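First the structure, in the form of structure tokens, and then the observations on it.
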Amino acid sequence: MRARSLLLVLVVSLALSGCAGPVASADGAGGLVTAARDGGSAGASGTAGTSGATGTSGCGADATPAGSSSTRSVSVAGGTRTAQLHVPNGYDGSTPTPVILAFVGHGMSTQKLEGFSGLDDGDALVLYPQPAGSDPQNGWEGAPYASGQDDVAFVGALLDDLEAHLCVDTARVFAAGISNGGGFVSLLSCRLPARIAAFAVVSGAIYPADDPACPTVPAVPVVEFHGTADPVIPYDGGTSHAAALEPVTQWLDEQAQRSGCASSPTRTAIGSDVTQQQWCGCQGRGALMHYRIEGGGHTWPGATATSGPGATTQTISATRIIEDFFAAHPLS
């Protein structure tokens, strides 16, 4: 079974390299830190601790234990916001280390996302921000049920705090999210394209009235996953919380136009239930990939724990693909 899984990841990685340049190793052994060490251009000023990596003031002064978890608190607009931080095994406080911001869905705990995503198993610092407000008004900015807080400012404050106190590779800060968290990642791609290197959206809830397209904002790398039988955020759009949901195909068309990609993607079958779509010819830093999961639910592909309602494909691992995609797309 593992050999079959690795073969599928190899197929995905080879297809990825056709338009988007080099990717991390097919079995995930390389990881984001290895990608930084092997090369790549830095995206901001700071202390270079590995070839191609750009560190922050926390490098060399941080004693945060490897493999630990803790709560980070920051002040935003006079209030306190929090996030759970996982520090990877092997973190030494002096090697500039990538960061993945992982955003929960509406009503989902950070512990649940941490559990089913498996993002902690990589070599990045993983930050799980906590939404503001209380149910039902505890959604991320860009949704009709958002708390009303400035969540983009919250993300900026979290990154400021992390860079000041830990050894962060500022060229490799990434964002991933599911459902409402995926919709917020889409919004962040419009609002923080110079600070976050690449974006991953899983079963994203895109409400165009609150999370509109941004055709004039610079191109960014985006990978997206969505099931055709998603019972919460329908693939073909619909209505939720009395607001219109954008069809996945329409959102992808907007992303392709923003990044100057070809109007139609190339399609590659991955197993019997997954089709990879990749847009070639993207301009600047632009890259766009989509995984259409036939019969897939409102779930995280490859998760072995419950991630949402509906079927969860095991043909691909969203986590593995996201990590490879991120490794291939640092800021430059």
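Identifiers in this document derive from the order of the structure tokens: chains are assigned A, B, ..., residues are numbered from 1 separately in each chain, and ligands are numbered from 1 in order of occurrence.
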Per DSSP on the backbone, filter region 78-320 of chain A down to the residues in strand (DSSP E) and report them as a PyMOL selection string. chain A and resi 79-86+97-103+125-129+168-178+198-202+221-227+238-240+243-245+266-270+274-279+287-293
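Counting only C-alpha atoms, region 138-144 of chain A has the following residues at most 9 Å away, ignoring those fewer than 5 positions along the same chain: Phe103, Val104, Gly105, His106, Gly107, Pro131, Ala132, Gly133, Gln149, Asp150, Asp151, Val152, Asn180, Gly181, Gly183, Phe184, Ser186, Leu187, Ala205, Ile206, Tyr207, Pro208, Ala209, Asp210, Asp211, Pro212, His241, Ala242 and Ala243 of chain A.
Checking A:Thr306, A:Thr249, A:Ser179, A:Ser73 one by one against Ala200 (chain A), counting only C-alpha atoms, you find the shortest gap at A:Ser179.
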Excluding same-chain residues fewer than 2 positions from His329 (chain A), what lies within 7 Å of it counting only C-alpha atoms, as a count of residues only? 7
Can you list, as a PyMOL selection string, every protein, DNA or RNA residue that comes within 6 Å of region 116-124 of chain A when you count only C-alpha atoms, leaving out same-chain residues fewer than 4 positions away? chain A and resi 88+98-99+303+305
When DSSP works through the backbone of this structure, what residues of region 189-273 of chain A end up as helix (DSSP H, G or I), shown as JSON, numbers by chain? {"A": [189, 190, 191, 248, 249, 250, 251, 252, 253, 254, 255, 256, 257, 258]}
Since we have the selection now, will you write its residues out, keeping N, CA and C atoms, as a PDB file, in the first residue's frame?
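What ended up in again34.pdb:
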```pdb
ATOM      1  N   SER A 189      -4.205  35.669   0.061  1.00  0.00           N
ATOM      2  CA  SER A 189      -3.441  35.730  -1.183  1.00  0.00           C
ATOM      3  C   SER A 189      -3.610  37.080  -1.864  1.00  0.00           C
ATOM      4  N   CYS A 190      -4.727  37.744  -1.594  1.00  0.00           N
ATOM      5  CA  CYS A 190      -4.960  39.096  -2.123  1.00  0.00           C
ATOM      6  C   CYS A 190      -4.350  40.173  -1.244  1.00  0.00           C
ATOM      7  N   ARG A 191      -4.292  39.920   0.053  1.00  0.00           N
ATOM      8  CA  ARG A 191      -3.909  40.969   0.994  1.00  0.00           C
ATOM      9  C   ARG A 191      -2.439  40.907   1.425  1.00  0.00           C
ATOM     10  N   VAL A 248     -16.334  26.414  -7.760  1.00  0.00           N
ATOM     11  CA  VAL A 248     -14.887  26.182  -7.774  1.00  0.00           C
ATOM     12  C   VAL A 248     -14.299  26.568  -9.128  1.00  0.00           C
ATOM     13  N   THR A 249     -14.980  26.195 -10.218  1.00  0.00           N
ATOM     14  CA  THR A 249     -14.440  26.494 -11.548  1.00  0.00           C
ATOM     15  C   THR A 249     -14.326  27.994 -11.789  1.00  0.00           C
ATOM     16  N   GLN A 250     -15.272  28.768 -11.286  1.00  0.00           N
ATOM     17  CA  GLN A 250     -15.214  30.221 -11.460  1.00  0.00           C
ATOM     18  C   GLN A 250     -14.043  30.805 -10.676  1.00  0.00           C
ATOM     19  N   TRP A 251     -13.859  30.330  -9.461  1.00  0.00           N
ATOM     20  CA  TRP A 251     -12.736  30.816  -8.635  1.00  0.00           C
ATOM     21  C   TRP A 251     -11.403  30.481  -9.294  1.00  0.00           C
ATOM     22  N   LEU A 252     -11.298  29.275  -9.851  1.00  0.00           N
ATOM     23  CA  LEU A 252     -10.062  28.882 -10.528  1.00  0.00           C
ATOM     24  C   LEU A 252      -9.811  29.741 -11.761  1.00  0.00           C
ATOM     25  N   ASP A 253     -10.863  30.039 -12.510  1.00  0.00           N
ATOM     26  CA  ASP A 253     -10.711  30.925 -13.675  1.00  0.00           C
ATOM     27  C   ASP A 253     -10.166  32.292 -13.248  1.00  0.00           C
ATOM     28  N   GLU A 254     -10.662  32.805 -12.132  1.00  0.00           N
ATOM     29  CA  GLU A 254     -10.188  34.106 -11.631  1.00  0.00           C
ATOM     30  C   GLU A 254      -8.723  34.034 -11.225  1.00  0.00           C
ATOM     31  N   GLN A 255      -8.329  32.919 -10.592  1.00  0.00           N
ATOM     32  CA  GLN A 255      -6.933  32.759 -10.207  1.00  0.00           C
ATOM     33  C   GLN A 255      -6.028  32.687 -11.441  1.00  0.00           C
ATOM     34  N   ALA A 256      -6.486  31.966 -12.463  1.00  0.00           N
ATOM     35  CA  ALA A 256      -5.700  31.846 -13.689  1.00  0.00           C
ATOM     36  C   ALA A 256      -5.535  33.200 -14.371  1.00  0.00           C
ATOM     37  N   GLN A 257      -6.603  33.970 -14.406  1.00  0.00           N
ATOM     38  CA  GLN A 257      -6.530  35.295 -15.028  1.00  0.00           C
ATOM     39  C   GLN A 257      -5.610  36.211 -14.236  1.00  0.00           C
ATOM     40  N   ARG A 258      -5.710  36.160 -12.918  1.00  0.00           N
ATOM     41  CA  ARG A 258      -4.857  36.990 -12.070  1.00  0.00           C
ATOM     42  C   ARG A 258      -3.384  36.708 -12.336  1.00  0.00           C
TER      43      ARG A 258
END
```
Surrounding residues of region 263-273 of chain A excluding itself and chain neighbours under 3 positions, 6 Å, only C-alpha atoms, as an MDAnalysis selection string: chainID A and resid 276:279 293:294
Would you save the residues of that selection, restricted to N, CA, C and O atoms, as a JSON list (two decimals), in the first residue's frame?
```
[["chain", "number", "residue", "atom", "x", "y", "z"],
["A", 276, "GLN", "N", -5.84, 15.81, -11.51],
["A", 276, "GLN", "CA", -5.02, 16.99, -11.28],
["A", 276, "GLN", "C", -5.17, 17.94, -12.46],
["A", 276, "GLN", "O", -5.04, 17.53, -13.62],
["A", 277, "GLN", "N", -5.45, 19.20, -12.18],
["A", 277, "GLN", "CA", -5.52, 20.23, -13.21],
["A", 277, "GLN", "C", -4.41, 21.24, -12.94],
["A", 277, "GLN", "O", -4.26, 21.71, -11.81],
["A", 278, "GLN", "N", -3.64, 21.55, -13.98],
["A", 278, "GLN", "CA", -2.53, 22.48, -13.83],
["A", 278, "GLN", "C", -2.54, 23.48, -14.97],
["A", 278, "GLN", "O", -2.63, 23.11, -16.14],
["A", 279, "TRP", "N", -2.44, 24.76, -14.59],
["A", 279, "TRP", "CA", -2.43, 25.84, -15.57],
["A", 279, "TRP", "C", -0.98, 26.20, -15.89],
["A", 279, "TRP", "O", -0.20, 26.54, -14.98],
["A", 293, "ILE", "N", -11.67, 15.91, -6.80],
["A", 293, "ILE", "CA", -11.86, 14.59, -6.21],
["A", 293, "ILE", "C", -13.28, 14.12, -6.48],
["A", 293, "ILE", "O", -14.25, 14.68, -5.92],
["A", 294, "GLU", "N", -13.43, 13.16, -7.36],
["A", 294, "GLU", "CA", -14.75, 12.65, -7.72],
["A", 294, "GLU", "C", -15.37, 11.94, -6.51],
["A", 294, "GLU", "O", -14.80, 11.01, -5.95]]
```
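Between Leu159 (chain A) and the candidates A:Gly115, A:Pro129, A:Pro330, A:Pro218, the tightest atom-to-atom separation, counting only C-alpha atoms, involves A:Pro129.
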Might you pull out every residue within 8 Å of Ile100 (chain A), with only C-alpha atoms counted and same-chain residues fewer than 4 positions away left off, and present them as JSON, numbers by chain? {"A": [124, 125, 126, 127, 173, 174, 175, 176]}
Output for the residues just chosen: C-alpha atoms as a PDB file, in the first residue's frame:
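Generated output (out_39.pdb):
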```
ATOM      1  CA  ALA A 124       8.243  23.541   9.417  1.00  0.00           C
ATOM      2  CA  LEU A 125       7.082  25.660  12.316  1.00  0.00           C
ATOM      3  CA  VAL A 126       3.295  25.236  12.184  1.00  0.00           C
ATOM      4  CA  LEU A 127       1.070  27.961  13.585  1.00  0.00           C
ATOM      5  CA  VAL A 173       6.154  31.500   5.017  1.00  0.00           C
ATOM      6  CA  PHE A 174       3.088  29.655   3.709  1.00  0.00           C
ATOM      7  CA  ALA A 175      -0.668  29.498   4.379  1.00  0.00           C
ATOM      8  CA  ALA A 176      -3.072  26.547   4.236  1.00  0.00           C
TER       9      ALA A 176
END
```
Surrounding residues of Ala66 (chain A) excluding itself and chain neighbours under 5 positions, 8 Å, only C-alpha atoms, as number ranges by chain: A: 87-92
